[in-house]
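So the structure is just underneath, and the comments pick up after that.
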Amino acid sequence: MLAVLRAEGPLTRHELQERVGLSRVTLVERLDALRRAGLLSQAGYRESSGGRRAEVLAVNDSGRTALVADLGQSHATLAVVDLRGTVFARRDLRLPARHEPAEVVPLLIGTGRDLLAEVGRAGSLCAIAFSVPGQIDHVRGVTVAPPTMPGWNGSPLRDPFTEEFGVPVLLENDANALALGDYYAMGRPAATLVGVKVGTGIGSGVVIGGRVHRGETGAAGEIGHMRIEGSEQRCTCGRRGCVAASASGQALVRQLRETGVRSVDDVVRRVGQGRPEAVRAVRSAGRLVGVVLATLVTIVNPKYVRLGGAVGVLPPFLDSLRRTVETHAQESALRKLDIAASGLGENGVIVGLAGLVADEMLAAATVDALVSGQRS
Ligand SMILES: [Zn+2]
């Protein structure tokens, strides 16, 4: 019933009964149980055919709270959200290069506690969701070799937070979370969506039929480490010629160091000021990412490509990426292709993580357990 209400929006009891095909008695019984568990809310009244007012029911996705965190190579963003993706509080932390879990995990736990207390939502916390710029072993709850964060390789991410907060902890790759954010924000389109994140590093996520495609070992969409023909530039992963070695935010900082650039923020600022050397470097990065993205577009044939990350949303980057995909990808894969910057700005990953929590907490098995009192 919740799945129907989430997919179709608010419905009257009669409409819901028609959709799920339960007897009236069973329907009323189950609705009562969902209401007691705080999962249903009233969304007003509608005139019914007999002239009586019928109550309209909706999923209550604003009563419960999630703590979400996007952990990067040089930053962490934490936010307190509800299951609809409303952001109640948000904090950005700068992290030192090559940071380690021993210093960062306590910082994240403390900041999370502070944020929850600030907005008075600690009591309704139901889950935590985390994104990292690497692959994730979902069985063990650890990150697998994010090449730019060596200290986190094989580090348990789930356990310290489960122990501290006593709620389930979900993990996701950051580019996958970004792709999911756009997918949720666009109203869960049936069409395939590719999200590309170009910040300090480069990653992508593929959402097919409403699910993120993680692949056999969680490596699906790792386009940053696809090879560019003829490039010998050494990459943070240890190999040579990866697109990330020439076109990531980190690579741009290196290329522009002589002009005084020290961070990805500096690159963004200079492009905003129209400084020719920065615009030229970013345009060239867009072309290189476009080359590997054209391959992905040809293989997956998506309808939507959404760009995120500090570099990915820069107009010269996006323009040159779009032109390259249009000249390199297979012609019919381009016919319905829509390439644009993510509509979520800097909240893309956060919204994706909130949606991930909603999908998990409102899944049939979780709800059944909650309603029958196995969880509370
Ligand atoms: Zn690489």
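Chain identifiers are assigned as A, B, and so on, following the order in which chains appear in the structure tokens; residues are numbered from 1 within each chain, and ligands are numbered from 1 in order of appearance.
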Strand (DSSP E) positions in range 107-332 of chain A, given as an MDAnalysis selection string: chainID A and resid 125:132 135:137 142:144 169:173 193:198 202:208 211:212 304:308
Prev. selection, N, CA, C and O atoms, output as a compact mmCIF listing (two decimals), in the first residue's frame:
# COMPACT_ATOMS: atom_id res chain seq x y z
N LEU A 125 15.41 10.03 14.74
CA LEU A 125 16.45 9.50 13.83
C LEU A 125 16.16 8.03 13.51
O LEU A 125 15.99 7.22 14.42
N CYS A 126 16.06 7.69 12.21
CA CYS A 126 15.77 6.29 11.87
C CYS A 126 16.89 5.63 11.07
O CYS A 126 16.94 4.42 10.98
N ALA A 127 17.80 6.42 10.50
CA ALA A 127 18.89 5.81 9.74
C ALA A 127 19.97 6.85 9.44
O ALA A 127 19.73 8.06 9.54
N ILE A 128 21.14 6.34 9.08
CA ILE A 128 22.25 7.19 8.66
C ILE A 128 22.66 6.73 7.26
O ILE A 128 22.63 5.54 6.97
N ALA A 129 22.98 7.66 6.38
CA ALA A 129 23.48 7.27 5.06
C ALA A 129 24.74 8.07 4.76
O ALA A 129 24.85 9.24 5.08
N PHE A 130 25.67 7.39 4.13
CA PHE A 130 27.02 7.87 3.93
C PHE A 130 27.43 7.74 2.48
O PHE A 130 27.14 6.74 1.86
N SER A 131 28.12 8.72 1.93
CA SER A 131 28.70 8.47 0.61
C SER A 131 30.20 8.74 0.66
O SER A 131 30.66 9.60 1.40
N VAL A 132 30.94 7.97 -0.12
CA VAL A 132 32.39 8.13 -0.23
C VAL A 132 32.78 8.07 -1.70
O VAL A 132 32.07 7.47 -2.52
N GLN A 135 34.72 2.70 -4.04
CA GLN A 135 33.81 1.56 -4.12
C GLN A 135 33.50 1.10 -2.70
O GLN A 135 34.24 1.36 -1.78
N ILE A 136 32.37 0.39 -2.57
CA ILE A 136 31.92 -0.03 -1.25
C ILE A 136 31.65 -1.52 -1.24
O ILE A 136 31.03 -2.05 -2.16
N ASP A 137 32.15 -2.18 -0.20
CA ASP A 137 31.80 -3.58 0.02
C ASP A 137 30.54 -3.56 0.89
O ASP A 137 30.61 -3.33 2.10
N VAL A 142 32.43 -1.72 4.41
CA VAL A 142 33.71 -1.00 4.37
C VAL A 142 33.92 -0.39 2.98
O VAL A 142 33.29 -0.80 2.01
N THR A 143 34.80 0.61 2.92
CA THR A 143 35.14 1.18 1.62
C THR A 143 36.28 0.37 1.02
O THR A 143 37.14 -0.12 1.74
N VAL A 144 36.27 0.23 -0.28
CA VAL A 144 37.29 -0.54 -0.97
C VAL A 144 38.18 0.39 -1.78
O VAL A 144 37.74 0.97 -2.77
N VAL A 169 22.87 1.85 9.09
CA VAL A 169 23.75 2.75 8.34
C VAL A 169 23.86 2.26 6.90
O VAL A 169 24.22 1.10 6.66
N LEU A 170 23.51 3.13 5.94
CA LEU A 170 23.59 2.77 4.53
C LEU A 170 24.81 3.43 3.91
O LEU A 170 25.14 4.57 4.27
N LEU A 171 25.47 2.75 2.98
CA LEU A 171 26.66 3.30 2.33
C LEU A 171 26.44 3.35 0.83
O LEU A 171 25.81 2.47 0.26
N GLU A 172 26.97 4.38 0.21
CA GLU A 172 26.85 4.49 -1.25
C GLU A 172 28.03 5.25 -1.81
O GLU A 172 28.60 6.11 -1.13
N ASN A 173 28.39 4.94 -3.02
CA ASN A 173 29.41 5.71 -3.74
C ASN A 173 28.84 7.12 -4.02
O ASN A 173 27.65 7.27 -4.28
N LEU A 193 19.10 7.13 -16.33
CA LEU A 193 19.79 8.39 -16.01
C LEU A 193 21.24 8.09 -15.63
O LEU A 193 21.51 7.17 -14.87
N VAL A 194 22.16 8.88 -16.18
CA VAL A 194 23.58 8.78 -15.80
C VAL A 194 23.95 10.08 -15.08
O VAL A 194 23.72 11.17 -15.61
N GLY A 195 24.49 9.95 -13.88
CA GLY A 195 24.98 11.12 -13.14
C GLY A 195 26.50 11.12 -13.20
O GLY A 195 27.12 10.07 -13.01
N VAL A 196 27.10 12.25 -13.51
CA VAL A 196 28.56 12.34 -13.58
C VAL A 196 29.02 13.39 -12.58
O VAL A 196 28.53 14.52 -12.60
N LYS A 197 29.94 13.00 -11.68
CA LYS A 197 30.43 13.94 -10.69
C LYS A 197 31.89 14.26 -10.99
O LYS A 197 32.74 13.37 -11.03
N VAL A 198 32.17 15.53 -11.23
CA VAL A 198 33.54 15.96 -11.44
C VAL A 198 33.86 17.02 -10.39
O VAL A 198 33.44 18.17 -10.49
N ILE A 202 36.78 12.07 -10.33
CA ILE A 202 35.73 11.90 -11.35
C ILE A 202 35.03 10.56 -11.13
O ILE A 202 35.70 9.54 -10.94
N GLY A 203 33.69 10.57 -11.12
CA GLY A 203 32.95 9.31 -11.00
C GLY A 203 31.61 9.44 -11.70
O GLY A 203 31.20 10.54 -12.06
N SER A 204 30.94 8.31 -11.90
CA SER A 204 29.61 8.39 -12.48
C SER A 204 28.74 7.29 -11.88
O SER A 204 29.24 6.30 -11.35
N GLY A 205 27.43 7.51 -11.95
CA GLY A 205 26.48 6.53 -11.45
C GLY A 205 25.39 6.32 -12.50
O GLY A 205 25.02 7.26 -13.19
N VAL A 206 24.90 5.09 -12.62
CA VAL A 206 23.90 4.77 -13.63
C VAL A 206 22.64 4.27 -12.94
O VAL A 206 22.70 3.28 -12.21
N VAL A 207 21.52 4.96 -13.13
CA VAL A 207 20.24 4.53 -12.55
C VAL A 207 19.38 3.95 -13.67
O VAL A 207 19.03 4.65 -14.62
N ILE A 208 19.09 2.66 -13.56
CA ILE A 208 18.30 1.95 -14.56
C ILE A 208 17.05 1.40 -13.89
O ILE A 208 17.15 0.68 -12.89
N ARG A 211 16.81 1.78 -10.07
CA ARG A 211 17.85 1.23 -9.20
C ARG A 211 19.21 1.64 -9.73
O ARG A 211 19.44 1.67 -10.93
N VAL A 212 20.12 1.93 -8.78
CA VAL A 212 21.46 2.27 -9.21
C VAL A 212 22.18 0.96 -9.56
O VAL A 212 22.08 -0.04 -8.85
N TYR A 304 18.84 10.68 -19.81
CA TYR A 304 19.36 11.85 -19.09
C TYR A 304 20.81 11.66 -18.68
O TYR A 304 21.18 10.61 -18.18
N VAL A 305 21.63 12.71 -18.87
CA VAL A 305 22.95 12.78 -18.25
C VAL A 305 22.93 14.05 -17.40
O VAL A 305 22.62 15.13 -17.90
N ARG A 306 23.23 13.92 -16.10
CA ARG A 306 23.24 15.08 -15.21
C ARG A 306 24.64 15.24 -14.61
O ARG A 306 25.21 14.29 -14.10
N LEU A 307 25.18 16.46 -14.72
CA LEU A 307 26.54 16.75 -14.26
C LEU A 307 26.51 17.43 -12.89
O LEU A 307 25.72 18.35 -12.69
N GLY A 308 27.36 16.96 -11.99
CA GLY A 308 27.47 17.58 -10.68
C GLY A 308 28.93 17.72 -10.29
O GLY A 308 29.83 17.41 -11.07
Protein and nucleic acid residues within 10 Å of ligand 1 (only C-alpha atoms and all ligand atoms) as a ChimeraX atom specification: /A:147-148,201-202,222-227,233-246
Only N, CA, C and O atoms, please: the residues just picked out, written as a short mmCIF file (atom, residue, chain, number, x, y, z; two decimals), in the first residue's frame.
data_model
loop_
_atom_site.label_atom_id
_atom_site.label_comp_id
_atom_site.auth_asym_id
_atom_site.auth_seq_id
_atom_site.Cartn_x
_atom_site.Cartn_y
_atom_site.Cartn_z
N PRO A 147 41.29 5.37 -4.22
CA PRO A 147 42.72 5.57 -4.45
C PRO A 147 43.26 6.86 -3.86
O PRO A 147 44.44 6.94 -3.52
N THR A 148 42.41 7.86 -3.69
CA THR A 148 42.89 9.15 -3.20
C THR A 148 42.75 9.30 -1.69
O THR A 148 43.12 10.32 -1.13
N GLY A 201 37.85 14.45 -7.74
CA GLY A 201 38.00 13.27 -8.62
C GLY A 201 36.87 13.23 -9.63
O GLY A 201 36.10 14.18 -9.77
N ILE A 202 36.78 12.07 -10.33
CA ILE A 202 35.73 11.90 -11.35
C ILE A 202 35.03 10.56 -11.13
O ILE A 202 35.70 9.54 -10.94
N GLU A 222 32.87 3.70 -12.85
CA GLU A 222 34.15 4.34 -12.46
C GLU A 222 34.85 4.90 -13.70
O GLU A 222 35.96 4.47 -14.06
N ILE A 223 34.26 5.90 -14.34
CA ILE A 223 34.82 6.39 -15.61
C ILE A 223 36.11 7.18 -15.42
O ILE A 223 36.85 7.38 -16.37
N GLY A 224 36.38 7.64 -14.20
CA GLY A 224 37.59 8.43 -13.96
C GLY A 224 38.87 7.65 -14.26
O GLY A 224 39.90 8.25 -14.56
N HIS A 225 38.77 6.34 -14.17
CA HIS A 225 39.98 5.54 -14.38
C HIS A 225 39.94 4.77 -15.70
O HIS A 225 40.60 3.75 -15.86
N MET A 226 39.17 5.30 -16.66
CA MET A 226 39.26 4.78 -18.03
C MET A 226 40.42 5.49 -18.70
O MET A 226 40.69 6.66 -18.42
N ARG A 227 41.10 4.79 -19.59
CA ARG A 227 42.32 5.34 -20.20
C ARG A 227 42.04 6.27 -21.37
O ARG A 227 41.15 6.01 -22.17
N GLN A 233 50.13 10.47 -18.26
CA GLN A 233 50.05 11.14 -16.96
C GLN A 233 49.77 10.13 -15.84
O GLN A 233 48.87 9.31 -15.97
N ARG A 234 50.56 10.18 -14.75
CA ARG A 234 50.35 9.23 -13.67
C ARG A 234 49.11 9.62 -12.85
O ARG A 234 48.90 10.78 -12.53
N CYS A 235 48.30 8.59 -12.53
CA CYS A 235 47.05 8.80 -11.80
C CYS A 235 47.22 8.44 -10.32
O CYS A 235 48.11 7.68 -9.96
N THR A 236 46.33 8.94 -9.49
CA THR A 236 46.36 8.62 -8.05
C THR A 236 46.14 7.13 -7.81
O THR A 236 46.49 6.62 -6.74
N CYS A 237 45.56 6.41 -8.78
CA CYS A 237 45.32 4.98 -8.61
C CYS A 237 46.58 4.16 -8.88
O CYS A 237 46.59 2.95 -8.68
N GLY A 238 47.65 4.83 -9.33
CA GLY A 238 48.91 4.13 -9.56
C GLY A 238 49.17 3.81 -11.03
O GLY A 238 50.28 3.48 -11.41
N ARG A 239 48.13 3.89 -11.86
CA ARG A 239 48.31 3.60 -13.29
C ARG A 239 48.56 4.90 -14.04
O ARG A 239 48.50 5.99 -13.47
N ARG A 240 48.81 4.79 -15.33
CA ARG A 240 49.04 5.98 -16.15
C ARG A 240 47.92 6.15 -17.18
O ARG A 240 47.37 5.17 -17.65
N GLY A 241 47.64 7.41 -17.51
CA GLY A 241 46.74 7.70 -18.63
C GLY A 241 45.26 7.71 -18.29
O GLY A 241 44.43 7.85 -19.18
N CYS A 242 44.91 7.59 -17.00
CA CYS A 242 43.48 7.66 -16.63
C CYS A 242 42.96 9.07 -16.94
O CYS A 242 43.71 10.05 -16.82
N VAL A 243 41.67 9.18 -17.27
CA VAL A 243 41.10 10.49 -17.56
C VAL A 243 41.18 11.39 -16.32
O VAL A 243 41.40 12.61 -16.42
N ALA A 244 41.06 10.81 -15.12
CA ALA A 244 41.12 11.61 -13.88
C ALA A 244 42.49 12.27 -13.72
O ALA A 244 42.60 13.34 -13.11
N ALA A 245 43.54 11.64 -14.26
CA ALA A 245 44.89 12.19 -14.11
C ALA A 245 45.05 13.48 -14.91
O ALA A 245 45.95 14.28 -14.64
N SER A 246 44.17 13.71 -15.91
CA SER A 246 44.27 14.91 -16.74
C SER A 246 43.09 15.85 -16.61
O SER A 246 43.17 17.01 -17.00
#
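Minimum atom-to-atom distance to Leu2 in chain A, evaluated using only C-alpha atoms, belongs to A:Leu362 out of A:Thr77, A:Gly38, A:Arg30, A:Leu362.
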Exercise: range 260-269 of chain A partners within 10 Å, only C-alpha atoms, chain neighbours under 6 positions left out, as a ChimeraX atom specification: /A:74,199-200,248-254,275,278-279,281-282,310-311,313-314
Given only C-alpha atoms as the counted atoms, nearest of A:Glu346, A:Glu277, A:Asp368, A:Asp82 to Ala37 in chain A: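 Of A:Glu346, A:Glu277, A:Asp368, A:Asp82, the one nearest Ala37 in chain A is A:Asp368, counting only C-alpha atoms.
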Can you list, as a short mmCIF file (atom, residue, chain, number, x, y, z; two decimals) with all heavy atoms, in the first residue's frame, every protein, DNA or RNA residue that comes within 12 Å of Leu334 in chain A when you count only C-alpha atoms, leaving out same-chain residues fewer than 3 positions away?
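Below is the file that was written, around-v9.cif:
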data_model
loop_
_atom_site.label_atom_id
_atom_site.label_comp_id
_atom_site.auth_asym_id
_atom_site.auth_seq_id
_atom_site.Cartn_x
_atom_site.Cartn_y
_atom_site.Cartn_z
N ALA A 294 31.13 9.51 -23.82
CA ALA A 294 30.53 9.09 -25.10
C ALA A 294 30.48 7.57 -25.19
O ALA A 294 29.50 7.00 -25.70
CB ALA A 294 31.33 9.68 -26.26
N THR A 295 31.51 6.92 -24.67
CA THR A 295 31.53 5.45 -24.66
C THR A 295 30.42 4.93 -23.76
O THR A 295 29.66 4.02 -24.12
CB THR A 295 32.91 4.94 -24.16
OG1 THR A 295 33.92 5.51 -24.98
CG2 THR A 295 32.99 3.43 -24.21
N LEU A 296 30.32 5.52 -22.57
CA LEU A 296 29.28 5.11 -21.61
C LEU A 296 27.88 5.32 -22.21
O LEU A 296 27.00 4.46 -22.11
CB LEU A 296 29.44 5.91 -20.32
CG LEU A 296 28.49 5.59 -19.17
CD1 LEU A 296 28.69 4.16 -18.69
CD2 LEU A 296 28.67 6.55 -18.01
N VAL A 297 27.68 6.47 -22.86
CA VAL A 297 26.39 6.80 -23.48
C VAL A 297 26.06 5.79 -24.58
O VAL A 297 24.92 5.33 -24.71
CB VAL A 297 26.41 8.25 -24.03
CG1 VAL A 297 25.30 8.47 -25.06
CG2 VAL A 297 26.28 9.25 -22.88
N THR A 298 27.06 5.40 -25.35
CA THR A 298 26.84 4.44 -26.43
C THR A 298 26.47 3.06 -25.87
O THR A 298 25.61 2.37 -26.39
CB THR A 298 28.09 4.33 -27.32
OG1 THR A 298 28.42 5.63 -27.79
CG2 THR A 298 27.87 3.40 -28.49
N ILE A 299 27.09 2.68 -24.74
CA ILE A 299 26.82 1.36 -24.16
C ILE A 299 25.47 1.34 -23.44
O ILE A 299 24.69 0.40 -23.59
CB ILE A 299 27.95 0.96 -23.19
CG1 ILE A 299 29.25 0.73 -23.97
CG2 ILE A 299 27.59 -0.30 -22.41
CD1 ILE A 299 30.48 0.62 -23.11
N VAL A 300 25.17 2.39 -22.66
CA VAL A 300 23.98 2.39 -21.80
C VAL A 300 22.76 3.00 -22.50
O VAL A 300 21.63 2.65 -22.19
CB VAL A 300 24.31 3.15 -20.48
CG1 VAL A 300 23.07 3.30 -19.62
CG2 VAL A 300 25.39 2.42 -19.70
N ASN A 301 22.97 3.92 -23.43
CA ASN A 301 21.89 4.61 -24.15
C ASN A 301 20.88 5.27 -23.20
O ASN A 301 19.69 4.97 -23.23
CB ASN A 301 21.19 3.60 -25.10
CG ASN A 301 20.22 4.27 -26.06
OD1 ASN A 301 19.43 3.59 -26.69
ND2 ASN A 301 20.26 5.59 -26.21
N PRO A 302 21.36 6.15 -22.30
CA PRO A 302 20.45 6.79 -21.34
C PRO A 302 19.63 7.90 -21.99
O PRO A 302 19.95 8.34 -23.10
CB PRO A 302 21.42 7.40 -20.32
CG PRO A 302 22.64 7.74 -21.14
CD PRO A 302 22.74 6.67 -22.19
N LYS A 303 18.60 8.37 -21.28
CA LYS A 303 17.87 9.55 -21.73
C LYS A 303 18.47 10.81 -21.10
O LYS A 303 18.58 11.84 -21.72
CB LYS A 303 16.39 9.43 -21.36
CG LYS A 303 15.56 10.66 -21.75
CD LYS A 303 14.09 10.32 -21.80
CE LYS A 303 13.20 11.54 -21.94
NZ LYS A 303 13.55 12.44 -23.02
N TYR A 304 18.84 10.68 -19.81
CA TYR A 304 19.36 11.85 -19.09
C TYR A 304 20.81 11.66 -18.68
O TYR A 304 21.18 10.61 -18.18
CB TYR A 304 18.55 12.10 -17.82
CG TYR A 304 17.08 12.30 -18.06
CD1 TYR A 304 16.16 11.30 -17.75
CD2 TYR A 304 16.61 13.49 -18.61
CE1 TYR A 304 14.81 11.48 -17.97
CE2 TYR A 304 15.26 13.68 -18.84
CZ TYR A 304 14.35 12.67 -18.52
OH TYR A 304 13.03 12.85 -18.75
N VAL A 305 21.63 12.71 -18.87
CA VAL A 305 22.95 12.78 -18.25
C VAL A 305 22.93 14.05 -17.40
O VAL A 305 22.62 15.13 -17.90
CB VAL A 305 24.08 12.85 -19.28
CG1 VAL A 305 25.42 13.13 -18.59
CG2 VAL A 305 24.18 11.55 -20.07
N ARG A 322 29.57 18.40 -23.73
CA ARG A 322 28.38 18.11 -24.54
C ARG A 322 28.76 17.99 -26.02
O ARG A 322 28.36 17.04 -26.70
CB ARG A 322 27.34 19.21 -24.35
CG ARG A 322 26.02 18.91 -25.05
CD ARG A 322 25.04 20.05 -24.96
NE ARG A 322 24.43 20.17 -23.65
CZ ARG A 322 24.51 21.25 -22.88
NH1 ARG A 322 25.20 22.30 -23.28
NH2 ARG A 322 23.90 21.28 -21.71
N ARG A 323 29.60 18.93 -26.49
CA ARG A 323 30.01 18.89 -27.90
C ARG A 323 30.78 17.61 -28.21
O ARG A 323 30.61 17.00 -29.26
CB ARG A 323 30.88 20.12 -28.23
CG ARG A 323 30.09 21.25 -28.87
CD ARG A 323 31.01 22.17 -29.67
NE ARG A 323 32.19 22.57 -28.89
CZ ARG A 323 32.20 23.59 -28.03
NH1 ARG A 323 31.12 24.30 -27.84
NH2 ARG A 323 33.29 23.87 -27.36
N THR A 324 31.64 17.19 -27.29
CA THR A 324 32.44 15.99 -27.51
C THR A 324 31.56 14.74 -27.55
O THR A 324 31.73 13.88 -28.41
CB THR A 324 33.51 15.84 -26.41
OG1 THR A 324 34.23 17.05 -26.30
CG2 THR A 324 34.46 14.70 -26.72
N VAL A 325 30.61 14.64 -26.59
CA VAL A 325 29.70 13.48 -26.59
C VAL A 325 28.93 13.45 -27.91
O VAL A 325 28.76 12.40 -28.53
CB VAL A 325 28.73 13.54 -25.39
CG1 VAL A 325 27.66 12.46 -25.49
CG2 VAL A 325 29.49 13.40 -24.07
N GLU A 326 28.50 14.63 -28.38
CA GLU A 326 27.71 14.69 -29.61
C GLU A 326 28.50 14.26 -30.85
O GLU A 326 27.93 13.79 -31.82
CB GLU A 326 27.14 16.10 -29.80
CG GLU A 326 25.92 16.33 -28.90
CD GLU A 326 25.47 17.78 -28.82
OE1 GLU A 326 26.06 18.64 -29.52
OE2 GLU A 326 24.56 18.05 -28.03
N THR A 327 29.83 14.44 -30.83
CA THR A 327 30.61 14.01 -31.99
C THR A 327 31.14 12.58 -31.84
O THR A 327 31.46 11.95 -32.83
CB THR A 327 31.79 14.96 -32.27
OG1 THR A 327 32.56 15.06 -31.07
CG2 THR A 327 31.34 16.34 -32.70
N HIS A 328 31.24 12.07 -30.58
CA HIS A 328 31.86 10.76 -30.38
C HIS A 328 30.88 9.61 -30.17
O HIS A 328 31.22 8.47 -30.45
CB HIS A 328 32.80 10.79 -29.17
CG HIS A 328 34.11 11.46 -29.43
ND1 HIS A 328 34.20 12.78 -29.82
CD2 HIS A 328 35.38 11.00 -29.38
CE1 HIS A 328 35.47 13.10 -29.98
NE2 HIS A 328 36.20 12.04 -29.71
N ALA A 329 29.68 9.88 -29.62
CA ALA A 329 28.77 8.77 -29.28
C ALA A 329 28.03 8.29 -30.53
O ALA A 329 27.94 9.01 -31.53
CB ALA A 329 27.77 9.22 -28.22
N GLN A 330 27.52 7.10 -30.46
CA GLN A 330 26.78 6.52 -31.57
C GLN A 330 25.53 7.38 -31.84
O GLN A 330 24.88 7.85 -30.91
CB GLN A 330 26.40 5.08 -31.20
CG GLN A 330 26.12 4.19 -32.38
CD GLN A 330 24.65 4.11 -32.69
OE1 GLN A 330 23.82 4.40 -31.82
NE2 GLN A 330 24.30 3.75 -33.90
N GLU A 331 25.23 7.57 -33.11
CA GLU A 331 24.24 8.56 -33.51
C GLU A 331 22.85 8.36 -32.90
O GLU A 331 22.25 9.31 -32.40
CB GLU A 331 24.15 8.58 -35.04
CG GLU A 331 23.83 9.96 -35.59
CD GLU A 331 23.74 9.89 -37.12
OE1 GLU A 331 24.58 9.20 -37.73
OE2 GLU A 331 22.83 10.53 -37.66
N LEU A 337 18.95 12.09 -26.14
CA LEU A 337 19.83 12.37 -25.01
C LEU A 337 19.70 13.81 -24.53
O LEU A 337 19.72 14.75 -25.33
CB LEU A 337 21.29 12.08 -25.41
CG LEU A 337 22.31 12.20 -24.29
CD1 LEU A 337 22.07 11.15 -23.23
CD2 LEU A 337 23.72 12.06 -24.86
N ASP A 338 19.59 13.97 -23.22
CA ASP A 338 19.43 15.29 -22.60
C ASP A 338 20.56 15.47 -21.58
O ASP A 338 20.55 14.83 -20.53
CB ASP A 338 18.03 15.33 -21.95
CG ASP A 338 17.82 16.54 -21.05
OD1 ASP A 338 18.69 17.42 -21.00
OD2 ASP A 338 16.76 16.57 -20.38
N ILE A 339 21.57 16.29 -21.92
CA ILE A 339 22.71 16.53 -21.02
C ILE A 339 22.56 17.89 -20.37
O ILE A 339 22.39 18.89 -21.06
CB ILE A 339 24.05 16.51 -21.81
CG1 ILE A 339 24.23 15.18 -22.54
CG2 ILE A 339 25.23 16.77 -20.88
CD1 ILE A 339 25.52 15.09 -23.35
#
Long-range neighbours of Met361 in chain A as a PyMOL selection string, 12 Å cut-off, only C-alpha atoms, 2 positions minimum in chain: chain A and resi 2-3+39+59-61+64-66+82-84+125-129+167-170+354-359+363-370+375
I need the chosen residues saved as a JSON list (two decimals), in the first residue's frame, with C-alpha atoms.
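In the end it all went to result.json:
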[["chain", "number", "residue", "atom", "x", "y", "z"],
["A", 2, "LEU", "CA", 2.86, 2.36, 0.85],
["A", 3, "ALA", "CA", 4.54, 1.51, -2.46],
["A", 39, "LEU", "CA", 3.78, 5.92, 8.39],
["A", 59, "VAL", "CA", 2.87, 8.42, 3.05],
["A", 60, "ASN", "CA", 4.16, 10.27, 6.09],
["A", 61, "ASP", "CA", 7.72, 10.95, 4.93],
["A", 64, "ARG", "CA", 11.26, 10.57, 10.57],
["A", 65, "THR", "CA", 14.80, 11.83, 10.35],
["A", 66, "ALA", "CA", 18.03, 10.71, 8.69],
["A", 82, "ASP", "CA", 13.53, 13.92, 6.50],
["A", 83, "LEU", "CA", 12.61, 11.04, 4.17],
["A", 84, "ARG", "CA", 11.31, 13.54, 1.62],
["A", 125, "LEU", "CA", 16.45, 9.50, 13.83],
["A", 126, "CYS", "CA", 15.77, 6.29, 11.87],
["A", 127, "ALA", "CA", 18.89, 5.81, 9.74],
["A", 128, "ILE", "CA", 22.25, 7.19, 8.66],
["A", 129, "ALA", "CA", 23.48, 7.27, 5.06],
["A", 167, "VAL", "CA", 20.24, 2.88, 13.76],
["A", 168, "PRO", "CA", 20.92, 1.22, 10.39],
["A", 169, "VAL", "CA", 23.75, 2.75, 8.34],
["A", 170, "LEU", "CA", 23.59, 2.77, 4.53],
["A", 354, "ALA", "CA", 17.85, 10.94, 1.76],
["A", 355, "GLY", "CA", 16.02, 9.06, -1.02],
["A", 356, "LEU", "CA", 18.15, 5.99, -0.40],
["A", 357, "VAL", "CA", 17.09, 6.05, 3.27],
["A", 358, "ALA", "CA", 13.43, 6.55, 2.27],
["A", 359, "ASP", "CA", 13.56, 3.57, -0.11],
["A", 363, "ALA", "CA", 10.49, -0.93, 1.80],
["A", 364, "ALA", "CA", 7.87, -3.62, 2.35],
["A", 365, "ALA", "CA", 10.11, -5.81, 4.56],
["A", 366, "THR", "CA", 11.17, -2.93, 6.83],
["A", 367, "VAL", "CA", 7.59, -1.69, 7.18],
["A", 368, "ASP", "CA", 6.25, -5.20, 7.91],
["A", 369, "ALA", "CA", 8.84, -5.60, 10.67],
["A", 370, "LEU", "CA", 8.00, -2.17, 12.09],
["A", 375, "ARG", "CA", 11.31, -2.92, 15.45]]
Backbone-only DSSP, alpha helix (DSSP H) members of range 158-374 of chain A, as a PyMOL selection string: chain A and resi 158-165+174-185+243-247+249-255+264-272+276-300+315-328+331-334+348-361+364-371
Computed interatomic separation between CA of Met149 in chain A and CA of Glu100 in chain A (Å):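 About the pair CA of Met149 in chain A and CA of Glu100 in chain A: they are 7.9 Å apart.
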For Pro106 in chain A, the nearest of the candidates A:Ala175, A:Ala7, A:Glu55, A:Glu164, counting only C-alpha atoms: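 Using only C-alpha atoms, Pro106 in chain A sits closest to A:Glu164.
Across A:Val139, A:Val105, A:Val289, A:Ala54, the tightest approach to Gly218 in chain A is made by A:Val139 when counting only C-alpha atoms.
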Interatomic distance, CA of Arg94 in chain A to CA of Gln73 in chain A (Å, one decimal):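 Rounded to one decimal, the two atoms are 9.4 Å apart.
Nearest residue to Ser284 in chain A, choosing from A:Asn176, A:Ser320, A:Thr259, A:Ser231 and counting only C-alpha atoms: A:Ser320.
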Coordinates-based distance that separates CA of Arg113 in chain A from CA of Ala69 in chain A (Å, one decimal): 12.4 Å
